[in-house]
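Structure file query_31.pdb (PDB, C-alpha atoms, pLDDT in the B column) is printed below.
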```
ATOM      1  CA  MET A  26       2.652 -21.175   3.522  1.00 62.00           C
ATOM      2  CA  GLU A  27      -0.543 -19.746   5.012  1.00 81.00           C
ATOM      3  CA  ILE A  28      -2.539 -19.002   1.865  1.00 89.00           C
ATOM      4  CA  GLY A  29      -5.833 -18.858   3.748  1.00 91.00           C
ATOM      5  CA  ILE A  30      -4.690 -16.159   6.155  1.00 90.00           C
ATOM      6  CA  ARG A  31      -3.400 -14.057   3.241  1.00 89.00           C
ATOM      7  CA  ILE A  32      -6.734 -14.454   1.375  1.00 93.00           C
ATOM      8  CA  LYS A  33      -8.613 -13.383   4.503  1.00 93.00           C
ATOM      9  CA  GLU A  34      -6.349 -10.328   4.954  1.00 90.00           C
ATOM     10  CA  LEU A  35      -7.007  -9.270   1.359  1.00 91.00           C
ATOM     11  CA  ARG A  36     -10.757  -9.899   1.700  1.00 90.00           C
ATOM     12  CA  LEU A  37     -10.948  -7.750   4.837  1.00 91.00           C
ATOM     13  CA  LYS A  38      -8.773  -5.058   3.245  1.00 88.00           C
ATOM     14  CA  ASN A  39     -11.364  -4.924   0.449  1.00 85.00           C
ATOM     15  CA  SER A  40     -14.208  -4.751   3.011  1.00 88.00           C
ATOM     16  CA  LEU A  41     -15.845  -7.906   1.688  1.00 90.00           C
ATOM     17  CA  THR A  42     -17.710 -10.592   3.609  1.00 92.00           C
ATOM     18  CA  GLN A  43     -17.009 -14.244   2.876  1.00 94.00           C
ATOM     19  CA  GLU A  44     -20.378 -14.417   1.146  1.00 93.00           C
ATOM     20  CA  GLU A  45     -19.624 -11.400  -1.070  1.00 92.00           C
ATOM     21  CA  LEU A  46     -16.276 -12.863  -2.121  1.00 93.00           C
ATOM     22  CA  ALA A  47     -17.882 -16.247  -2.769  1.00 93.00           C
ATOM     23  CA  ASP A  48     -20.566 -14.650  -4.961  1.00 90.00           C
ATOM     24  CA  ARG A  49     -17.961 -12.777  -7.015  1.00 89.00           C
ATOM     25  CA  CYS A  50     -16.052 -16.023  -7.622  1.00 91.00           C
ATOM     26  CA  GLU A  51     -19.087 -18.305  -8.052  1.00 91.00           C
ATOM     27  CA  LEU A  52     -18.042 -20.297  -4.990  1.00 94.00           C
ATOM     28  CA  THR A  53     -19.798 -21.039  -1.705  1.00 95.00           C
ATOM     29  CA  LYS A  54     -19.327 -19.142   1.529  1.00 95.00           C
ATOM     30  CA  GLY A  55     -18.396 -22.468   3.153  1.00 95.00           C
ATOM     31  CA  TYR A  56     -15.590 -23.008   0.652  1.00 96.00           C
ATOM     32  CA  ILE A  57     -14.185 -19.501   1.317  1.00 95.00           C
ATOM     33  CA  SER A  58     -14.336 -20.235   5.053  1.00 94.00           C
ATOM     34  CA  GLN A  59     -12.446 -23.502   4.562  1.00 94.00           C
ATOM     35  CA  LEU A  60      -9.801 -21.701   2.472  1.00 94.00           C
ATOM     36  CA  GLU A  61      -9.321 -18.975   5.054  1.00 93.00           C
ATOM     37  CA  ASN A  62      -8.924 -21.558   7.805  1.00 91.00           C
ATOM     38  CA  ASP A  63      -6.426 -23.553   5.691  1.00 89.00           C
ATOM     39  CA  LEU A  64      -8.722 -26.589   5.718  1.00 91.00           C
ATOM     40  CA  THR A  65      -8.534 -26.895   1.934  1.00 92.00           C
ATOM     41  CA  SER A  66      -6.306 -25.635  -0.870  1.00 91.00           C
ATOM     42  CA  PRO A  67      -7.570 -23.967  -4.043  1.00 93.00           C
ATOM     43  CA  SER A  68      -6.616 -24.989  -7.558  1.00 92.00           C
ATOM     44  CA  ILE A  69      -4.502 -22.442  -9.432  1.00 92.00           C
ATOM     45  CA  THR A  70      -7.561 -21.472 -11.504  1.00 92.00           C
ATOM     46  CA  THR A  71      -9.691 -20.920  -8.392  1.00 94.00           C
ATOM     47  CA  LEU A  72      -6.898 -18.978  -6.678  1.00 94.00           C
ATOM     48  CA  LYS A  73      -6.566 -16.732  -9.764  1.00 91.00           C
ATOM     49  CA  ASP A  74     -10.346 -16.084  -9.719  1.00 91.00           C
ATOM     50  CA  ILE A  75     -10.273 -15.210  -6.015  1.00 94.00           C
ATOM     51  CA  LEU A  76      -7.272 -12.919  -6.416  1.00 92.00           C
ATOM     52  CA  THR A  77      -8.851 -11.179  -9.414  1.00 88.00           C
ATOM     53  CA  ALA A  78     -11.921 -10.470  -7.271  1.00 89.00           C
ATOM     54  CA  LEU A  79      -9.593  -9.093  -4.580  1.00 90.00           C
ATOM     55  CA  GLY A  80      -7.626  -6.909  -7.028  1.00 86.00           C
ATOM     56  CA  CYS A  81      -4.380  -8.828  -6.624  1.00 87.00           C
ATOM     57  CA  SER A  82      -2.166 -10.760  -9.050  1.00 85.00           C
ATOM     58  CA  LEU A  83      -0.536 -14.109  -8.328  1.00 86.00           C
ATOM     59  CA  SER A  84       2.912 -12.504  -8.202  1.00 83.00           C
ATOM     60  CA  GLU A  85       1.740  -9.783  -5.788  1.00 82.00           C
ATOM     61  CA  PHE A  86       0.022 -12.395  -3.649  1.00 86.00           C
ATOM     62  CA  PHE A  87       3.072 -14.605  -3.286  1.00 83.00           C
ATOM     63  CA  SER A  88       5.601 -11.773  -3.021  1.00 79.00           C
ATOM     64  CA  GLY A  89       3.663 -10.603   0.036  1.00 62.00           C
ATOM     65  CA  PHE A  90       4.911 -13.652   1.911  1.00 58.00           C
ATOM     66  CA  ASP A  91       8.498 -12.458   1.606  1.00 53.00           C
ATOM     67  CA  GLU A  92       7.849  -8.760   2.193  1.00 57.00           C
ATOM     68  CA  GLN A  93       5.925  -8.912   5.445  1.00 62.00           C
ATOM     69  CA  GLU A  94       6.515  -6.153   7.954  1.00 68.00           C
ATOM     70  CA  PRO A  95       8.531  -6.924  11.068  1.00 76.00           C
ATOM     71  CA  LEU A  96       6.739  -8.126  14.183  1.00 81.00           C
ATOM     72  CA  SER A  97       8.873  -6.007  16.494  1.00 89.00           C
ATOM     73  CA  TYR A  98      10.748  -2.716  16.498  1.00 88.00           C
ATOM     74  CA  GLY A  99      13.598  -1.320  18.563  1.00 90.00           C
ATOM     75  CA  GLU A 100      15.217   1.997  19.406  1.00 90.00           C
ATOM     76  CA  ASN A 101      16.936   2.186  15.992  1.00 87.00           C
ATOM     77  CA  ASP A 102      13.540   1.983  14.227  1.00 85.00           C
ATOM     78  CA  TYR A 103      11.857   4.815  16.135  1.00 88.00           C
ATOM     79  CA  PHE A 104      11.447   8.300  14.717  1.00 83.00           C
ATOM     80  CA  THR A 105      11.307  11.289  17.074  1.00 87.00           C
ATOM     81  CA  LYS A 106      10.067  14.775  16.265  1.00 87.00           C
ATOM     82  CA  GLU A 107      10.822  17.658  18.644  1.00 88.00           C
ATOM     83  CA  MET A 108       8.178  20.398  18.848  1.00 86.00           C
ATOM     84  CA  GLY A 109       9.296  22.976  21.391  1.00 87.00           C
ATOM     85  CA  SER A 110       8.575  21.615  24.866  1.00 89.00           C
ATOM     86  CA  ALA A 111       6.965  18.471  23.432  1.00 94.00           C
ATOM     87  CA  ALA A 112       8.440  15.504  21.572  1.00 93.00           C
ATOM     88  CA  MET A 113       6.745  12.628  19.783  1.00 92.00           C
ATOM     89  CA  LYS A 114       8.368   9.245  19.243  1.00 93.00           C
ATOM     90  CA  TRP A 115       6.730   6.991  16.643  1.00 90.00           C
ATOM     91  CA  LEU A 116       6.973   3.398  17.902  1.00 92.00           C
ATOM     92  CA  VAL A 117       6.009   1.760  14.592  1.00 87.00           C
ATOM     93  CA  PRO A 118       7.831   3.413  11.674  1.00 79.00           C
ATOM     94  CA  THR A 119       5.163   2.420   9.122  1.00 74.00           C
ATOM     95  CA  SER A 120       2.154   3.272  11.288  1.00 73.00           C
ATOM     96  CA  GLN A 121       0.871   5.959   8.897  1.00 68.00           C
ATOM     97  CA  LYS A 122      -0.337   3.163   6.599  1.00 68.00           C
ATOM     98  CA  ASN A 123      -1.765   1.024   9.422  1.00 75.00           C
ATOM     99  CA  ALA A 124      -4.985   1.251  11.407  1.00 82.00           C
ATOM    100  CA  LEU A 125      -3.224   2.253  14.654  1.00 88.00           C
ATOM    101  CA  GLU A 126      -0.551   4.860  15.285  1.00 90.00           C
ATOM    102  CA  PRO A 127       1.247   4.445  18.626  1.00 95.00           C
ATOM    103  CA  VAL A 128       3.527   7.241  19.820  1.00 95.00           C
ATOM    104  CA  ILE A 129       5.227   8.247  23.050  1.00 97.00           C
ATOM    105  CA  VAL A 130       4.556  11.905  23.826  1.00 97.00           C
ATOM    106  CA  THR A 131       7.141  13.531  26.123  1.00 97.00           C
ATOM    107  CA  LEU A 132       6.198  16.853  27.669  1.00 98.00           C
ATOM    108  CA  GLU A 133       8.764  19.018  29.429  1.00 96.00           C
ATOM    109  CA  LYS A 134       7.776  21.264  32.360  1.00 94.00           C
ATOM    110  CA  GLY A 135       4.878  23.427  31.160  1.00 93.00           C
ATOM    111  CA  GLY A 136       4.805  21.675  27.767  1.00 95.00           C
ATOM    112  CA  ALA A 137       1.721  20.863  25.728  1.00 95.00           C
ATOM    113  CA  THR A 138       0.835  19.153  22.494  1.00 95.00           C
ATOM    114  CA  ALA A 139      -0.655  21.238  19.706  1.00 92.00           C
ATOM    115  CA  LYS A 140      -4.433  21.465  19.776  1.00 94.00           C
ATOM    116  CA  ASP A 141      -5.636  18.667  17.514  1.00 93.00           C
ATOM    117  CA  LEU A 142      -8.740  19.677  15.591  1.00 93.00           C
ATOM    118  CA  PRO A 143     -11.738  17.332  15.404  1.00 93.00           C
ATOM    119  CA  HIS A 144     -11.280  14.404  13.052  1.00 92.00           C
ATOM    120  CA  GLU A 145     -12.557  10.900  12.480  1.00 91.00           C
ATOM    121  CA  GLY A 146     -11.406   8.176  14.832  1.00 92.00           C
ATOM    122  CA  GLU A 147     -10.652   7.246  18.414  1.00 95.00           C
ATOM    123  CA  GLU A 148      -7.708   7.819  20.711  1.00 96.00           C
ATOM    124  CA  PHE A 149      -6.247   6.030  23.697  1.00 97.00           C
ATOM    125  CA  GLY A 150      -3.512   7.060  26.084  1.00 97.00           C
ATOM    126  CA  TYR A 151      -1.653   5.737  29.105  1.00 98.00           C
ATOM    127  CA  VAL A 152       0.459   7.943  31.388  1.00 98.00           C
ATOM    128  CA  LEU A 153       3.896   6.349  31.735  1.00 98.00           C
ATOM    129  CA  LYS A 154       5.541   9.064  33.801  1.00 97.00           C
ATOM    130  CA  GLY A 155       4.489  12.232  35.618  1.00 97.00           C
ATOM    131  CA  SER A 156       1.063  13.786  35.243  1.00 97.00           C
ATOM    132  CA  VAL A 157      -0.852  15.594  32.501  1.00 98.00           C
ATOM    133  CA  LYS A 158      -4.076  17.431  31.968  1.00 98.00           C
ATOM    134  CA  LEU A 159      -6.173  16.018  29.115  1.00 98.00           C
ATOM    135  CA  VAL A 160      -8.523  18.475  27.404  1.00 98.00           C
ATOM    136  CA  VAL A 161     -11.230  17.160  25.056  1.00 97.00           C
ATOM    137  CA  GLY A 162     -13.699  19.794  23.896  1.00 97.00           C
ATOM    138  CA  ASN A 163     -14.963  21.597  27.013  1.00 97.00           C
ATOM    139  CA  ARG A 164     -14.058  18.706  29.342  1.00 97.00           C
ATOM    140  CA  SER A 165     -10.759  17.993  31.075  1.00 97.00           C
ATOM    141  CA  ALA A 166      -9.190  15.400  33.356  1.00 98.00           C
ATOM    142  CA  ASN A 167      -6.004  15.312  35.408  1.00 98.00           C
ATOM    143  CA  LEU A 168      -4.137  12.063  34.888  1.00 98.00           C
ATOM    144  CA  THR A 169      -1.170  10.650  36.789  1.00 98.00           C
ATOM    145  CA  LYS A 170       1.205   7.760  36.164  1.00 97.00           C
ATOM    146  CA  GLY A 171      -0.738   4.537  35.607  1.00 98.00           C
ATOM    147  CA  MET A 172      -3.958   6.221  34.469  1.00 98.00           C
ATOM    148  CA  SER A 173      -5.400   5.907  30.960  1.00 98.00           C
ATOM    149  CA  PHE A 174      -7.834   7.775  28.736  1.00 98.00           C
ATOM    150  CA  SER A 175      -9.986   7.019  25.718  1.00 97.00           C
ATOM    151  CA  PHE A 176     -12.227   9.236  23.590  1.00 97.00           C
ATOM    152  CA  ARG A 177     -13.680   9.803  20.124  1.00 96.00           C
ATOM    153  CA  SER A 178     -11.625  12.335  18.192  1.00 95.00           C
ATOM    154  CA  ASP A 179     -14.624  14.473  17.187  1.00 95.00           C
ATOM    155  CA  ARG A 180     -13.656  17.418  19.429  1.00 96.00           C
ATOM    156  CA  THR A 181     -10.526  19.574  19.729  1.00 96.00           C
ATOM    157  CA  HIS A 182      -8.109  17.817  22.101  1.00 97.00           C
ATOM    158  CA  TYR A 183      -4.622  18.083  23.585  1.00 97.00           C
ATOM    159  CA  ILE A 184      -2.574  17.288  26.686  1.00 97.00           C
ATOM    160  CA  GLU A 185      -0.463  19.593  28.801  1.00 97.00           C
ATOM    161  CA  ASN A 186       2.035  19.197  31.604  1.00 97.00           C
ATOM    162  CA  ARG A 187       1.407  21.696  34.395  1.00 93.00           C
ATOM    163  CA  THR A 188       4.076  20.270  36.699  1.00 95.00           C
ATOM    164  CA  ASP A 189       7.824  20.781  37.143  1.00 94.00           C
ATOM    165  CA  GLU A 190       8.570  17.173  36.096  1.00 96.00           C
ATOM    166  CA  VAL A 191       8.785  15.557  32.671  1.00 97.00           C
ATOM    167  CA  ALA A 192       5.660  13.616  31.655  1.00 98.00           C
ATOM    168  CA  GLU A 193       5.433  10.717  29.189  1.00 98.00           C
ATOM    169  CA  VAL A 194       2.258   9.360  27.623  1.00 98.00           C
ATOM    170  CA  LEU A 195       1.762   6.387  25.341  1.00 98.00           C
ATOM    171  CA  TRP A 196      -0.807   7.724  22.852  1.00 97.00           C
ATOM    172  CA  VAL A 197      -2.535   5.598  20.197  1.00 96.00           C
ATOM    173  CA  THR A 198      -4.723   7.040  17.454  1.00 93.00           C
ATOM    174  CA  CYS A 199      -6.997   5.139  15.122  1.00 92.00           C
ATOM    175  CA  PRO A 200      -6.772   5.931  12.254  1.00 85.00           C
ATOM    176  CA  PRO A 201      -3.299   7.533  12.228  1.00 80.00           C
ATOM    177  CA  ASN A 202      -3.370  11.280  12.694  1.00 76.00           C
ATOM    178  CA  PHE A 203      -0.091  12.527  14.200  1.00 65.00           C
TER
END
```
Spit out the file's structure as structure tokens when you get a sec.
Amino acid sequence: MEIGIRIKELRLKNSLTQEELADRCELTKGYISQLENDLTSPSITTLKDILTALGCSLSEFFSGFDEQEPLSYGENDYFTKEMGSAAMKWLVPTSQKNALEPVIVTLEKGGATAKDLPHEGEEFGYVLKGSVKLVVGNRSANLTKGMSFSFRSDRTHYIENRTDEVAEVLWVTCPPNF
């Protein structure tokens, strides 16, 4: 049982440093570091104090070990949404609650994604098949198979397929936005 890794995950989820968590529990930063690296084990009382500071009960903490998300997904897990000449396939079914949202965008001949309005975050894409035109604000780039893109999401953006062939793009947003 990797108690230390679970404590670290909860600490980071709560946006706390090791020192901040240590202060809240009247422990040392060094002790928190040792816990997170599984170099020492806490007493039940100390674990309860740490979990209270992290907003988690003992039962929630230990049930998390059994209810972890899968490490891999297959075709039966994917969700696809058709939108005219474009389709989006979500590669991680629970990505809306994660930091990253990977999708495969398929564009038919002349297809385009909807114009995505400016929002917080960053985006990355990799052209798997065909070619697309990426438009971000007043800039654009033509991308072919094997090319990638990356940009901050603070401007209107979309991709379009101006060819007669189907195009596929692996597109990852952070935080989830699709």
| message | At a cut-off of 9 Å, using only C-alpha atoms, what residues contact Gly80 (chain A)? Leave out same-chain residues fewer than 4 positions from it and give the result as a PyMOL selection string. | response | chain A and resi 35+39+75-76
| field | Hits from the PyMOL selection byres ((chain A and resi 32) around 10), listed as a PyMOL selection string | value | chain A and resi 27-31+33-38+57+60-62+72+75-76+79+86
| task | With a distance cut-off of 8 Å and all atoms listed in the file, select the neighbouring residues of region 47-56 of chain A, excluding the residue or stretch itself and same-chain residues fewer than 3 positions from it, and output the selection as a PyMOL selection string. | result | chain A and resi 43-44+59-60+74-75+78
| Spatial sel., origin (-11.7, 10.7, 21.8), limit 6 Å, only C-alpha atoms, listed as a list in words |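 Output: Glu147, Glu148, Ser175, Phe176, Arg177 and Ser178 of chain A.
Nearest-residue note for Thr188 (chain A): choosing from A:Val152, A:Ala111, A:Leu142, A:Leu132, the minimum distance belongs to A:Leu132, counting all atoms listed in the file.
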| field | Distance query 10 Å from (-5.1, 12.0, 34.4) using all atoms listed in the file, result as an NGL selection string | value | :A and (150-152 or 155-159 or 165-174 or 184)
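Considering only C-alpha atoms, the residue among A:Asn186, A:Thr198, A:Ser66, A:Thr42 positioned nearest to Gly136 (chain A) is A:Asn186.
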Centre and edges of the region 152-158 of chain A box, axis-aligned, 5 Å extra per side, as AutoDock Vina command-line options:
```
--center_x 0.7 --center_y 11.9 --center_z 33.5 --size_x 19.6 --size_y 21.1 --size_z 14.2
```
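CA of Gly135 (chain A) is positioned 7.5 Å from CA of Ser110 (chain A).
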| said: What does the structure give for the distance between CA of Phe149 (chain A) and CA of Arg180 (chain A), in Å to one decimal? | reply: 14.2 Å
| task | Please provide as a ChimeraX atom specification all residues within 7 Å of Phe104 (chain A), with the sequence filter that same-chain residues fewer than 6 positions apart are discarded (counting all atoms listed in the file). | result | /A:114-115,118
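Using all atoms listed in the file, the smallest distance between any of A:Leu96, A:Ile69, A:Leu125, A:Ala112 and Cys199 (chain A) comes from A:Leu125.
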| said: Rounded to one decimal, what separation in Å do you get between CA of Ser84 (chain A) and CA of Val117 (chain A)? | reply: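 Separation between CA of Ser84 (chain A) and CA of Val117 (chain A): 27.1 Å.
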| said: Would you pick out the contacts of Gly99 (chain A) at 10 Å or less, using all atoms listed in the file, so that residues sharing its chain but fewer than 2 positions from it are not included, and give the list as a VMD selection string? | reply: chain A and resid 97 101 to 103 116 to 117
| Do you know which residues are at most 6 Å from Thr181 (chain A) counting all atoms listed in the file, after dropping those on the same chain fewer than 2 positions away, and could you put them as a list in words? | Asp141, Leu142, Pro143, Val161 and Gly162 of chain A
Write a file of the just-selected residues containing C-alpha atoms, as an mmCIF file, keeping the file's coordinate frame.
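What landed in part.cif:
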```
data_model
loop_
_atom_site.group_PDB
_atom_site.id
_atom_site.type_symbol
_atom_site.label_atom_id
_atom_site.label_comp_id
_atom_site.auth_asym_id
_atom_site.auth_seq_id
_atom_site.Cartn_x
_atom_site.Cartn_y
_atom_site.Cartn_z
ATOM 1 C CA ASP A 141 -5.636 18.667 17.514
ATOM 2 C CA LEU A 142 -8.740 19.677 15.591
ATOM 3 C CA PRO A 143 -11.738 17.332 15.404
ATOM 4 C CA VAL A 161 -11.230 17.160 25.056
ATOM 5 C CA GLY A 162 -13.699 19.794 23.896
#
```
| task | Could you check which of A:Asp179, A:Glu185, A:Glu133, A:Glu126 is closest to Val197 (chain A), using only C-alpha atoms? | result | A:Glu126
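If you measure from each of A:Thr138, A:Thr70, A:Ser88, A:Asn202 to Tyr183 (chain A) using all atoms listed in the file, the closest one turns out to be A:Thr138.
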